[in-house]
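> Quick one: the structure is below, and I'll ask about it shortly.
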Amino acid sequence: MKFPARIAPSILACNLARLSDECSAALTSGGDLIHFDVMDSIFVPNLTFGAPLLSSLRKDGFAGFVDVHIMANNVDLLVEDCAAAGANSITIHFEATSHVHRALSRIRTLGCEVGLAINISTPLDAIEYVLDEIDMLLVMTINPGFGGQSLIPAALPKIEKARQILDRGGHATRIQVDGGVKVANIRTIADAGADTFVVGSDFFSAPDYAVRCAEFRAQLA
Ligand code: DX5
Ligand code: ZN
């Protein structure tokens with residue numbers, strides 16, 4: 001199954017002191033959704049932000065689609081908080097909880113789109129029995145925790161295999177990639193079967209976000 005490509009600027013790389021303006025600029029420049037990285041300094045080494053910041057963004061009037069990527073262990077609590085704060089989709093990590101199915105079902109009940117992320121070393125077999133529960137599979141292309149890393153090449157055949165498994169099972173499930181996505185490699189990643197591209201440093205380091213977004217789209221055309 002082929003989905004239209006979506007560009008998801010990751011605010012981890014934006015000027016957080018101007019978050020609301022940065023989110024609006026990312027979408028008016030051609031981004032499709034805002035990627036919001038929640039990190040707890042336990043599941044991943046870094047500490048970022050959580051539901052209160054998303055609440056503030058909503059209070060400030062930002063109405064765009066927010067895709068929350070939870071890289072944290074307290075999954076059940078954070079799912080509730082992020083949904084209440086105004087998330088449109090919530091992705092949890094397979095590796096972060098023993099009760100993946102329960103957390104995915106809860107995200108659905110809370111009215112959000114459902115995402116499941118897998119780290120580089122996690123085999124696709126591990127998620128076989130929850131594929132019916134998800135709208136999007138996030139195949140990590142780096143070890144999560146920091147922006148500005150290089151894509152790990154082993155992720156490319158994994159994306160291909162994931163697309164085959166999803167198609168064979170008749171699952172209308174998107175494949176997102178996160179980490180090291182750049183103008184220079186986005187086409188290769190798309191050809192492997194990904195359709196939703198998280199872009200952090202290569203997007204927000206651009207002097208003109210609209211020009212950069214057009215460069216991504218040109219690669220995908
Ligand atoms: C890292 C985050 C990513 C990060 C990607 O753990 O999940 O969303 O922002 O940043 P870049 O695009 O710079 O690799
Ligand atoms: Zn992310």
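Labeling convention for the structure tokens: chains A, B, ... as they appear, residues from 1 per chain, ligands from 1 in order of appearance.
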Identify, with DSSP run on backbone atoms, the residues in region 49-219 of chain A assigned to alpha helix (DSSP H), and express the list as number ranges by chain.
A: 51-59, 75-85, 100-109, 155-168, 186-192, 201-204, 209-219
> Kindly work out which residues sit at most 6 Å from ligand 1, using only C-alpha atoms and all ligand atoms, and give the list as a PyMOL selection string.
chain A and resi 10+12+37+144-149+178-181+199-201
> At a cut-off of 12 Å around ligand 2, and using only C-alpha atoms and all ligand atoms, what residues come up? Please write them as a PyMOL selection string.
chain A and resi 8-13+34-39+44+48+66-72+90-93+115-119+138-148+176-181+196-201
> DSSP says strand (DSSP E) for which residues of region 8-219 of chain A? Put them as a ChimeraX atom specification?
/A:8-9,34-39,66-71,89-93,113-118,136-140,174-178,196-199
> Pick from A:Lys59, A:His101, A:Arg106, A:Lys161: nearest to Leu78 (chain A), with only C-alpha atoms counted?
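Once distances to Leu78 (chain A) are computed over only C-alpha atoms, the minimum belongs to A:Arg106.
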> Which is closer to Tyr129 (chain A) than all the others in A:Gly169, A:Gly111, A:Gly50, A:Pro153, using only C-alpha atoms?
A:Gly169
> Quick one: distance from CA of Asp191 (chain A) to CA of Phe204 (chain A) in Å, one decimal?
24.0 Å
> Restricting the calculation to only C-alpha atoms: of A:Lys182, A:Arg102, A:Arg18, A:Lys158, which residue gets closest to Leu57 (chain A)?
A:Arg18
> Pick out the closest residue to Leu166 (chain A) from this set: A:Glu215, A:Asp202, A:Asp81, A:Asp132. Count only C-alpha atoms.
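Using only C-alpha atoms, Leu166 (chain A) sits closest to A:Asp132.
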> Let me make sure I understand: among A:Leu16, A:Ala190, A:Leu110, A:Ile127, which one has the smallest atom-to-atom distance to Ile165 (chain A) if we use only C-alpha atoms?
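Among A:Leu16, A:Ala190, A:Leu110, A:Ile127, it is A:Ile127 that comes nearest to Ile165 (chain A).
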